[in-house]
$ cat input.cif   # mmCIF, C-alpha atoms and all ligand atoms
data_query
loop_
_atom_site.group_PDB
_atom_site.id
_atom_site.type_symbol
_atom_site.label_atom_id
_atom_site.label_comp_id
_atom_site.auth_asym_id
_atom_site.auth_seq_id
_atom_site.Cartn_x
_atom_site.Cartn_y
_atom_site.Cartn_z
ATOM 1 C CA MET C 140 0.000 0.000 0.000
ATOM 2 C CA THR C 141 1.325 3.440 -0.953
ATOM 3 C CA GLU C 142 1.725 5.905 1.903
ATOM 4 C CA VAL C 143 -0.001 9.250 1.369
ATOM 5 C CA PHE C 144 1.884 12.232 2.750
ATOM 6 C CA LYS C 145 0.017 15.183 4.189
ATOM 7 C CA PRO C 146 0.520 18.194 1.884
ATOM 8 C CA THR C 147 2.116 21.382 3.159
ATOM 9 C CA MET C 148 1.348 24.961 2.189
ATOM 10 C CA MET C 149 2.896 28.352 2.920
ATOM 11 C CA ASP C 150 0.882 30.675 5.165
ATOM 12 C CA TYR C 151 -1.296 33.195 3.421
ATOM 13 C CA HIS C 152 -3.717 35.954 4.437
ATOM 14 C CA ARG C 153 -6.184 35.638 1.570
ATOM 15 C CA HIS C 154 -6.824 33.252 -1.319
ATOM 16 C CA LEU C 155 -7.587 34.704 -4.753
ATOM 17 C CA LEU C 156 -9.389 32.373 -7.143
ATOM 18 C CA VAL C 157 -9.364 33.276 -10.829
ATOM 19 C CA CYS C 158 -11.681 31.623 -13.324
ATOM 20 C CA VAL C 159 -9.804 30.611 -16.486
ATOM 21 C CA GLY C 160 -12.799 28.819 -17.984
ATOM 22 C CA ALA C 161 -13.498 29.257 -21.696
ATOM 23 C CA ARG C 162 -17.061 30.515 -21.145
ATOM 24 C CA CYS C 163 -16.126 33.497 -18.961
ATOM 25 C CA THR C 164 -15.095 35.843 -21.773
ATOM 26 C CA GLU C 165 -15.732 36.220 -25.504
ATOM 27 C CA THR C 166 -12.218 35.101 -26.394
ATOM 28 C CA GLY C 167 -12.053 32.485 -23.653
ATOM 29 C CA THR C 168 -8.585 33.684 -22.676
ATOM 30 C CA GLY C 169 -9.094 36.691 -20.395
ATOM 31 C CA GLY C 170 -8.979 34.688 -17.199
ATOM 32 C CA GLN C 171 -5.567 33.209 -17.895
ATOM 33 C CA GLU C 172 -4.234 36.624 -18.910
ATOM 34 C CA LEU C 173 -5.542 38.089 -15.658
ATOM 35 C CA TYR C 174 -4.015 35.210 -13.687
ATOM 36 C CA ASP C 175 -0.614 35.900 -15.292
ATOM 37 C CA GLU C 176 -0.927 39.641 -14.634
ATOM 38 C CA ILE C 177 -1.789 39.010 -10.982
ATOM 39 C CA LYS C 178 1.509 37.212 -10.469
ATOM 40 C CA ILE C 179 3.422 40.266 -11.703
ATOM 41 C CA LYS C 180 1.332 42.729 -9.696
ATOM 42 C CA PHE C 181 1.536 40.707 -6.492
ATOM 43 C CA LYS C 182 5.314 41.067 -6.685
ATOM 44 C CA GLN C 183 5.021 44.807 -7.393
ATOM 45 C CA PHE C 184 2.671 45.349 -4.443
ATOM 46 C CA GLY C 185 4.473 42.925 -2.120
ATOM 47 C CA LEU C 186 1.593 40.482 -1.833
ATOM 48 C CA ASN C 187 3.690 37.492 -2.851
ATOM 49 C CA ALA C 188 5.241 37.266 0.630
ATOM 50 C CA GLY C 189 4.854 38.534 4.169
ATOM 51 C CA ALA C 190 1.863 39.029 6.441
ATOM 52 C CA LEU C 191 -0.535 39.997 3.637
ATOM 53 C CA ARG C 192 0.561 37.236 1.241
ATOM 54 C CA VAL C 193 -2.223 36.246 -1.139
ATOM 55 C CA LYS C 194 -2.362 32.745 -2.547
ATOM 56 C CA ARG C 195 -3.431 32.641 -6.190
ATOM 57 C CA SER C 196 -5.231 29.705 -7.825
ATOM 58 C CA ARG C 197 -7.077 28.955 -11.046
ATOM 59 C CA VAL C 198 -10.508 27.400 -11.273
ATOM 60 C CA THR C 199 -12.321 26.293 -14.426
ATOM 61 C CA CYS C 200 -15.844 27.548 -13.639
ATOM 62 C CA PHE C 201 -17.677 29.314 -10.808
ATOM 63 C CA GLY C 202 -21.034 28.605 -12.485
ATOM 64 C CA THR C 203 -21.558 32.344 -13.161
ATOM 65 C CA CYS C 204 -20.119 32.577 -16.705
ATOM 66 C CA LYS C 205 -20.211 35.368 -19.298
ATOM 67 C CA ALA C 206 -19.170 38.467 -17.362
ATOM 68 C CA GLY C 207 -15.521 37.633 -16.834
ATOM 69 C CA PRO C 208 -12.807 37.708 -16.105
ATOM 70 C CA LEU C 209 -14.123 36.721 -12.669
ATOM 71 C CA LEU C 210 -12.270 36.395 -9.431
ATOM 72 C CA ALA C 211 -13.148 35.531 -5.853
ATOM 73 C CA VAL C 212 -11.400 36.652 -2.676
ATOM 74 C CA GLN C 213 -11.546 34.195 0.201
ATOM 75 C CA PRO C 214 -12.168 33.946 3.106
ATOM 76 C CA ASP C 215 -13.902 37.303 2.537
ATOM 77 C CA GLY C 216 -16.591 35.761 0.298
ATOM 78 C CA VAL C 217 -16.285 38.547 -2.286
ATOM 79 C CA TRP C 218 -16.689 37.917 -6.027
ATOM 80 C CA TYR C 219 -15.626 40.405 -8.719
ATOM 81 C CA TYR C 220 -16.679 40.507 -12.390
ATOM 82 C CA ASP C 221 -15.311 42.065 -15.588
ATOM 83 C CA VAL C 222 -11.923 42.534 -13.951
ATOM 84 C CA THR C 223 -9.664 44.702 -16.135
ATOM 85 C CA SER C 224 -6.094 45.687 -15.412
ATOM 86 C CA ASP C 225 -7.216 49.019 -13.900
ATOM 87 C CA LYS C 226 -9.865 47.332 -11.767
ATOM 88 C CA LEU C 227 -7.290 44.808 -10.611
ATOM 89 C CA ASP C 228 -5.081 47.638 -9.363
ATOM 90 C CA ARG C 229 -7.929 49.007 -7.272
ATOM 91 C CA ILE C 230 -8.859 45.546 -5.952
ATOM 92 C CA ILE C 231 -5.243 45.002 -4.907
ATOM 93 C CA GLN C 232 -4.800 48.396 -3.276
ATOM 94 C CA GLU C 233 -8.217 48.854 -1.675
ATOM 95 C CA HIS C 234 -9.217 45.269 -0.853
ATOM 96 C CA LEU C 235 -6.138 43.077 -0.590
ATOM 97 C CA ILE C 236 -3.913 45.708 1.033
ATOM 98 C CA SER C 237 -6.362 48.013 2.856
ATOM 99 C CA GLY C 238 -9.110 45.475 3.576
ATOM 100 C CA ASN C 239 -11.954 47.388 1.912
ATOM 101 C CA PRO C 240 -13.724 45.493 -0.901
ATOM 102 C CA VAL C 241 -14.348 47.595 -4.038
ATOM 103 C CA THR C 242 -18.138 47.644 -3.907
ATOM 104 C CA GLU C 243 -18.827 48.758 -7.488
ATOM 105 C CA PHE C 244 -16.968 45.758 -8.982
ATOM 106 C CA ILE C 245 -18.652 43.096 -6.789
ATOM 107 C CA TYR C 246 -21.334 40.791 -8.231
ATOM 108 C CA HIS C 247 -21.734 38.587 -5.178
ATOM 109 C CA GLN C 248 -20.817 38.874 -1.511
ATOM 110 C CA VAL C 249 -21.491 36.146 1.007
ATOM 111 C CA GLY C 250 -24.152 37.287 3.450
ATOM 112 C CA ALA C 251 -25.001 40.473 1.543
ATOM 113 C CA ASN C 252 -28.492 39.222 0.634
ATOM 114 C CA ASN C 253 -29.349 37.979 4.121
HETATM 115 S S1 LIG X 301 -16.277 29.739 -17.181
HETATM 116 FE FE1 LIG X 301 -15.841 31.229 -15.631
HETATM 117 S S2 LIG X 301 -17.584 31.112 -14.328
HETATM 118 FE FE2 LIG X 301 -17.975 29.612 -15.832
#
$ encode --input "input.cif" --output "structure tokens"
Amino acid sequence: MTEVFKPTMMDYHRHLLVCVGARCTETGTGGQELYDEIKIKFKQFGLNAGALRVKRSRVTCFGTCKAGPLLAVQPDGVWYYDVTSDKLDRIIQEHLISGNPVTEFIYHQVGANN
């Protein structure tokens, strides 16, 4: 029987999930482009290490297609749509660094409809 080792993971403050699914955008590629841009910007803004480190992952569908690129910030339960490069800058600065979600870019927030 093969032994399964418990995975390890670096500490992080938030987890950013980016949809790279083909149905999110007209070209089907915007999510991957955003994912690649996030890596560069996390280094620029210092979110790739330290107390505010944000883990970045790709998903293939959130089940809310067509208004992408989409991303979700966990554990905050905040979901952003139509994320452009300029919007990403604001999300990084206002939400990921300062802790204030950018309300006008949100399409779903856990508990907001309760
Ligand atoms: S393909 Fe992105 S939410 Fe479905």
$ resolve_selection --input "input.cif" --expression "the PyMOL selection byres (((chain C and resi 202) around 10) and not hetatm)" --output "compact mmCIF listing (two decimals) with C-alpha atoms, in the coordinates of the input"
# COMPACT_ATOMS: atom_id res chain seq x y z
CA CYS C 158 -11.68 31.62 -13.32
CA GLY C 160 -12.80 28.82 -17.98
CA ARG C 162 -17.06 30.52 -21.14
CA CYS C 163 -16.13 33.50 -18.96
CA THR C 199 -12.32 26.29 -14.43
CA CYS C 200 -15.84 27.55 -13.64
CA PHE C 201 -17.68 29.31 -10.81
CA THR C 203 -21.56 32.34 -13.16
CA CYS C 204 -20.12 32.58 -16.70
CA LYS C 205 -20.21 35.37 -19.30
$ closest_residue --input "input.cif" --among "C:Ala211, C:Val143, C:Ile177, C:Val193" --to "ligand LIG 301 (chain X)" --atoms "only C-alpha atoms and all ligand atoms"
C:Ala211
$ atom_distance --input "input.cif" --atom1 "CA of Gly207 (chain C)" --atom2 "CA of Asp225 (chain C)"
14.4 Å
$ closest_residue --input "input.cif" --among "C:Lys180, C:Tyr174, C:Leu210, C:Gly189" --to "ligand LIG 301 (chain X)" --atoms "only C-alpha atoms and all ligand atoms"
C:Leu210
$ atom_distance --input "input.cif" --atom1 "CA of Gln213 (chain C)" --atom2 "CA of Phe144 (chain C)"
25.9 Å
$ atom_distance --input "input.cif" --atom1 "CA of Thr147 (chain C)" --atom2 "CA of Trp218 (chain C)"
26.7 Å
$ closest_residue --input "input.cif" --among "C:Ala190, C:Val157, C:Ile236, C:Met140" --to "ligand LIG 301 (chain X)" --atoms "all atoms listed in the file"
C:Val157
$ closest_residue --input "input.cif" --among "C:Val159, C:Leu227, C:Val212, C:Ile245" --to "ligand LIG 301 (chain X)" --atoms "all atoms listed in the file"
C:Val159
$ closest_residue --input "input.cif" --among "C:Asp150, C:Glu142, C:Glu233, C:Asp221" --to "ligand LIG 301 (chain X)" --atoms "all atoms listed in the file"
C:Asp221
$ residues_around --input "input.cif" --residues "Gly169 (chain C)" --least-positions-apart "4" --cutoff "7 Å" --atoms "all atoms listed in the file" --output "list in words"
Thr164, Leu173 and Pro208 of chain C
$ axis_aligned_box --input "input.cif" --around "ligand LIG 301 (chain X)" --padding-each-side "3 Å" --output "JSON"
{"center_x": -16.9, "center_y": 30.4, "center_z": -15.8, "size_x": 8.1, "size_y": 7.6, "size_z": 8.9}
$ closest_residue --input "input.cif" --among "C:Glu172, C:Tyr220, C:Lys178, C:Leu186" --to "ligand LIG 301 (chain X)" --atoms "all atoms listed in the file"
C:Tyr220
$ residues_around --input "input.cif" --residues "Lys226 (chain C)" --least-positions-apart "4" --cutoff "9 Å" --atoms "only C-alpha atoms" --output "PDB file with C-alpha atoms, keeping the file's coordinate frame"
ATOM      1  CA  ASP C 221     -15.311  42.065 -15.588  1.00  0.00           C
ATOM      2  CA  VAL C 222     -11.923  42.534 -13.951  1.00  0.00           C
ATOM      3  CA  ILE C 230      -8.859  45.546  -5.952  1.00  0.00           C
ATOM      4  CA  ILE C 231      -5.243  45.002  -4.907  1.00  0.00           C
ATOM      5  CA  VAL C 241     -14.348  47.595  -4.038  1.00  0.00           C
ATOM      6  CA  PHE C 244     -16.968  45.758  -8.982  1.00  0.00           C
TER       7      PHE C 244
END
$ residues_near_point --input "input.cif" --point "(3.1, 32.2, 5.3)" --cutoff "9 Å" --atoms "only C-alpha atoms" --output "MDAnalysis selection string"
chainID C and resid 148:152 188:192
$ decode --input "input.cif" --residues "region 194-236 of chain C" --atoms "N, CA and C atoms" --output "PDB file, in the first residue's frame"
ATOM      1  N   LYS C 194      -2.535  33.951  -1.726  1.00  0.00           N
ATOM      2  CA  LYS C 194      -2.362  32.745  -2.547  1.00  0.00           C
ATOM      3  C   LYS C 194      -3.237  32.890  -3.779  1.00  0.00           C
ATOM      4  N   ARG C 195      -2.751  32.469  -4.914  1.00  0.00           N
ATOM      5  CA  ARG C 195      -3.431  32.641  -6.190  1.00  0.00           C
ATOM      6  C   ARG C 195      -3.672  31.253  -6.782  1.00  0.00           C
ATOM      7  N   SER C 196      -4.912  30.995  -7.214  1.00  0.00           N
ATOM      8  CA  SER C 196      -5.231  29.705  -7.825  1.00  0.00           C
ATOM      9  C   SER C 196      -6.177  29.904  -8.991  1.00  0.00           C
ATOM     10  N   ARG C 197      -6.157  28.953  -9.914  1.00  0.00           N
ATOM     11  CA  ARG C 197      -7.077  28.955 -11.046  1.00  0.00           C
ATOM     12  C   ARG C 197      -8.210  27.961 -10.794  1.00  0.00           C
ATOM     13  N   VAL C 198      -9.382  28.329 -11.254  1.00  0.00           N
ATOM     14  CA  VAL C 198     -10.508  27.400 -11.273  1.00  0.00           C
ATOM     15  C   VAL C 198     -11.057  27.399 -12.702  1.00  0.00           C
ATOM     16  N   THR C 199     -11.838  26.394 -13.044  1.00  0.00           N
ATOM     17  CA  THR C 199     -12.321  26.293 -14.426  1.00  0.00           C
ATOM     18  C   THR C 199     -13.752  26.773 -14.605  1.00  0.00           C
ATOM     19  N   CYS C 200     -14.507  26.964 -13.522  1.00  0.00           N
ATOM     20  CA  CYS C 200     -15.844  27.548 -13.639  1.00  0.00           C
ATOM     21  C   CYS C 200     -16.428  27.793 -12.249  1.00  0.00           C
ATOM     22  N   PHE C 201     -16.957  29.000 -12.051  1.00  0.00           N
ATOM     23  CA  PHE C 201     -17.677  29.314 -10.808  1.00  0.00           C
ATOM     24  C   PHE C 201     -19.172  29.053 -10.971  1.00  0.00           C
ATOM     25  N   GLY C 202     -19.595  28.759 -12.218  1.00  0.00           N
ATOM     26  CA  GLY C 202     -21.034  28.605 -12.485  1.00  0.00           C
ATOM     27  C   GLY C 202     -21.746  29.933 -12.673  1.00  0.00           C
ATOM     28  N   THR C 203     -20.980  31.017 -12.911  1.00  0.00           N
ATOM     29  CA  THR C 203     -21.558  32.344 -13.161  1.00  0.00           C
ATOM     30  C   THR C 203     -20.891  32.946 -14.400  1.00  0.00           C
ATOM     31  N   CYS C 204     -20.869  32.228 -15.493  1.00  0.00           N
ATOM     32  CA  CYS C 204     -20.119  32.577 -16.705  1.00  0.00           C
ATOM     33  C   CYS C 204     -20.663  33.835 -17.387  1.00  0.00           C
ATOM     34  N   LYS C 205     -19.863  34.337 -18.318  1.00  0.00           N
ATOM     35  CA  LYS C 205     -20.211  35.368 -19.298  1.00  0.00           C
ATOM     36  C   LYS C 205     -19.854  36.791 -18.919  1.00  0.00           C
ATOM     37  N   ALA C 206     -19.503  37.091 -17.724  1.00  0.00           N
ATOM     38  CA  ALA C 206     -19.170  38.467 -17.362  1.00  0.00           C
ATOM     39  C   ALA C 206     -17.747  38.575 -16.841  1.00  0.00           C
ATOM     40  N   GLY C 207     -16.882  37.672 -17.312  1.00  0.00           N
ATOM     41  CA  GLY C 207     -15.521  37.633 -16.834  1.00  0.00           C
ATOM     42  C   GLY C 207     -14.628  38.667 -17.477  1.00  0.00           C
ATOM     43  N   PRO C 208     -13.386  38.613 -17.081  1.00  0.00           N
ATOM     44  CA  PRO C 208     -12.807  37.708 -16.105  1.00  0.00           C
ATOM     45  C   PRO C 208     -13.407  37.890 -14.697  1.00  0.00           C
ATOM     46  N   LEU C 209     -13.572  36.746 -14.024  1.00  0.00           N
ATOM     47  CA  LEU C 209     -14.123  36.721 -12.669  1.00  0.00           C
ATOM     48  C   LEU C 209     -13.040  36.322 -11.683  1.00  0.00           C
ATOM     49  N   LEU C 210     -13.134  36.888 -10.493  1.00  0.00           N
ATOM     50  CA  LEU C 210     -12.270  36.395  -9.431  1.00  0.00           C
ATOM     51  C   LEU C 210     -12.986  36.467  -8.092  1.00  0.00           C
ATOM     52  N   ALA C 211     -12.571  35.597  -7.194  1.00  0.00           N
ATOM     53  CA  ALA C 211     -13.148  35.531  -5.853  1.00  0.00           C
ATOM     54  C   ALA C 211     -12.040  35.710  -4.836  1.00  0.00           C
ATOM     55  N   VAL C 212     -12.352  36.437  -3.767  1.00  0.00           N
ATOM     56  CA  VAL C 212     -11.400  36.652  -2.676  1.00  0.00           C
ATOM     57  C   VAL C 212     -11.946  35.927  -1.445  1.00  0.00           C
ATOM     58  N   GLN C 213     -11.169  34.958  -0.983  1.00  0.00           N
ATOM     59  CA  GLN C 213     -11.546  34.195   0.201  1.00  0.00           C
ATOM     60  C   GLN C 213     -10.515  34.410   1.311  1.00  0.00           C
ATOM     61  N   PRO C 214     -10.880  34.361   2.560  1.00  0.00           N
ATOM     62  CA  PRO C 214     -12.168  33.946   3.106  1.00  0.00           C
ATOM     63  C   PRO C 214     -13.214  35.059   3.155  1.00  0.00           C
ATOM     64  N   ASP C 215     -12.996  36.162   2.444  1.00  0.00           N
ATOM     65  CA  ASP C 215     -13.902  37.303   2.537  1.00  0.00           C
ATOM     66  C   ASP C 215     -15.253  37.048   1.877  1.00  0.00           C
ATOM     67  N   GLY C 216     -15.326  36.053   0.969  1.00  0.00           N
ATOM     68  CA  GLY C 216     -16.591  35.761   0.298  1.00  0.00           C
ATOM     69  C   GLY C 216     -17.004  36.853  -0.667  1.00  0.00           C
ATOM     70  N   VAL C 217     -16.031  37.446  -1.353  1.00  0.00           N
ATOM     71  CA  VAL C 217     -16.285  38.547  -2.286  1.00  0.00           C
ATOM     72  C   VAL C 217     -15.936  38.082  -3.701  1.00  0.00           C
ATOM     73  N   TRP C 218     -16.851  38.373  -4.643  1.00  0.00           N
ATOM     74  CA  TRP C 218     -16.689  37.917  -6.027  1.00  0.00           C
ATOM     75  C   TRP C 218     -16.748  39.124  -6.942  1.00  0.00           C
ATOM     76  N   TYR C 219     -15.720  39.280  -7.793  1.00  0.00           N
ATOM     77  CA  TYR C 219     -15.626  40.405  -8.719  1.00  0.00           C
ATOM     78  C   TYR C 219     -15.854  39.941 -10.148  1.00  0.00           C
ATOM     79  N   TYR C 220     -16.435  40.827 -10.979  1.00  0.00           N
ATOM     80  CA  TYR C 220     -16.679  40.507 -12.390  1.00  0.00           C
ATOM     81  C   TYR C 220     -16.032  41.557 -13.289  1.00  0.00           C
ATOM     82  N   ASP C 221     -15.857  41.162 -14.563  1.00  0.00           N
ATOM     83  CA  ASP C 221     -15.311  42.065 -15.588  1.00  0.00           C
ATOM     84  C   ASP C 221     -14.043  42.755 -15.090  1.00  0.00           C
ATOM     85  N   VAL C 222     -13.124  41.970 -14.578  1.00  0.00           N
ATOM     86  CA  VAL C 222     -11.923  42.534 -13.951  1.00  0.00           C
ATOM     87  C   VAL C 222     -10.889  42.894 -15.029  1.00  0.00           C
ATOM     88  N   THR C 223     -10.683  44.182 -15.213  1.00  0.00           N
ATOM     89  CA  THR C 223      -9.664  44.702 -16.135  1.00  0.00           C
ATOM     90  C   THR C 223      -8.384  44.967 -15.343  1.00  0.00           C
ATOM     91  N   SER C 224      -7.364  45.382 -16.066  1.00  0.00           N
ATOM     92  CA  SER C 224      -6.094  45.687 -15.412  1.00  0.00           C
ATOM     93  C   SER C 224      -6.249  46.840 -14.414  1.00  0.00           C
ATOM     94  N   ASP C 225      -7.001  47.877 -14.809  1.00  0.00           N
ATOM     95  CA  ASP C 225      -7.216  49.019 -13.900  1.00  0.00           C
ATOM     96  C   ASP C 225      -8.036  48.617 -12.677  1.00  0.00           C
ATOM     97  N   LYS C 226      -9.052  47.793 -12.903  1.00  0.00           N
ATOM     98  CA  LYS C 226      -9.865  47.332 -11.767  1.00  0.00           C
ATOM     99  C   LYS C 226      -9.028  46.456 -10.837  1.00  0.00           C
ATOM    100  N   LEU C 227      -8.164  45.661 -11.422  1.00  0.00           N
ATOM    101  CA  LEU C 227      -7.290  44.808 -10.611  1.00  0.00           C
ATOM    102  C   LEU C 227      -6.414  45.654  -9.688  1.00  0.00           C
ATOM    103  N   ASP C 228      -5.899  46.753 -10.203  1.00  0.00           N
ATOM    104  CA  ASP C 228      -5.081  47.638  -9.363  1.00  0.00           C
ATOM    105  C   ASP C 228      -5.870  48.127  -8.156  1.00  0.00           C
ATOM    106  N   ARG C 229      -7.108  48.520  -8.392  1.00  0.00           N
ATOM    107  CA  ARG C 229      -7.929  49.007  -7.272  1.00  0.00           C
ATOM    108  C   ARG C 229      -8.263  47.877  -6.297  1.00  0.00           C
ATOM    109  N   ILE C 230      -8.553  46.688  -6.826  1.00  0.00           N
ATOM    110  CA  ILE C 230      -8.859  45.546  -5.952  1.00  0.00           C
ATOM    111  C   ILE C 230      -7.646  45.225  -5.075  1.00  0.00           C
ATOM    112  N   ILE C 231      -6.460  45.279  -5.677  1.00  0.00           N
ATOM    113  CA  ILE C 231      -5.243  45.002  -4.907  1.00  0.00           C
ATOM    114  C   ILE C 231      -5.047  46.062  -3.822  1.00  0.00           C
ATOM    115  N   GLN C 232      -5.111  47.324  -4.225  1.00  0.00           N
ATOM    116  CA  GLN C 232      -4.800  48.396  -3.276  1.00  0.00           C
ATOM    117  C   GLN C 232      -5.879  48.557  -2.205  1.00  0.00           C
ATOM    118  N   GLU C 233      -7.146  48.562  -2.640  1.00  0.00           N
ATOM    119  CA  GLU C 233      -8.217  48.854  -1.675  1.00  0.00           C
ATOM    120  C   GLU C 233      -8.655  47.626  -0.877  1.00  0.00           C
ATOM    121  N   HIS C 234      -8.726  46.459  -1.547  1.00  0.00           N
ATOM    122  CA  HIS C 234      -9.217  45.269  -0.853  1.00  0.00           C
ATOM    123  C   HIS C 234      -8.077  44.451  -0.237  1.00  0.00           C
ATOM    124  N   LEU C 235      -7.155  44.007  -1.080  1.00  0.00           N
ATOM    125  CA  LEU C 235      -6.138  43.077  -0.590  1.00  0.00           C
ATOM    126  C   LEU C 235      -5.129  43.740   0.348  1.00  0.00           C
ATOM    127  N   ILE C 236      -4.867  45.019   0.153  1.00  0.00           N
ATOM    128  CA  ILE C 236      -3.913  45.708   1.033  1.00  0.00           C
ATOM    129  C   ILE C 236      -4.630  46.449   2.165  1.00  0.00           C
TER     130      ILE C 236
END
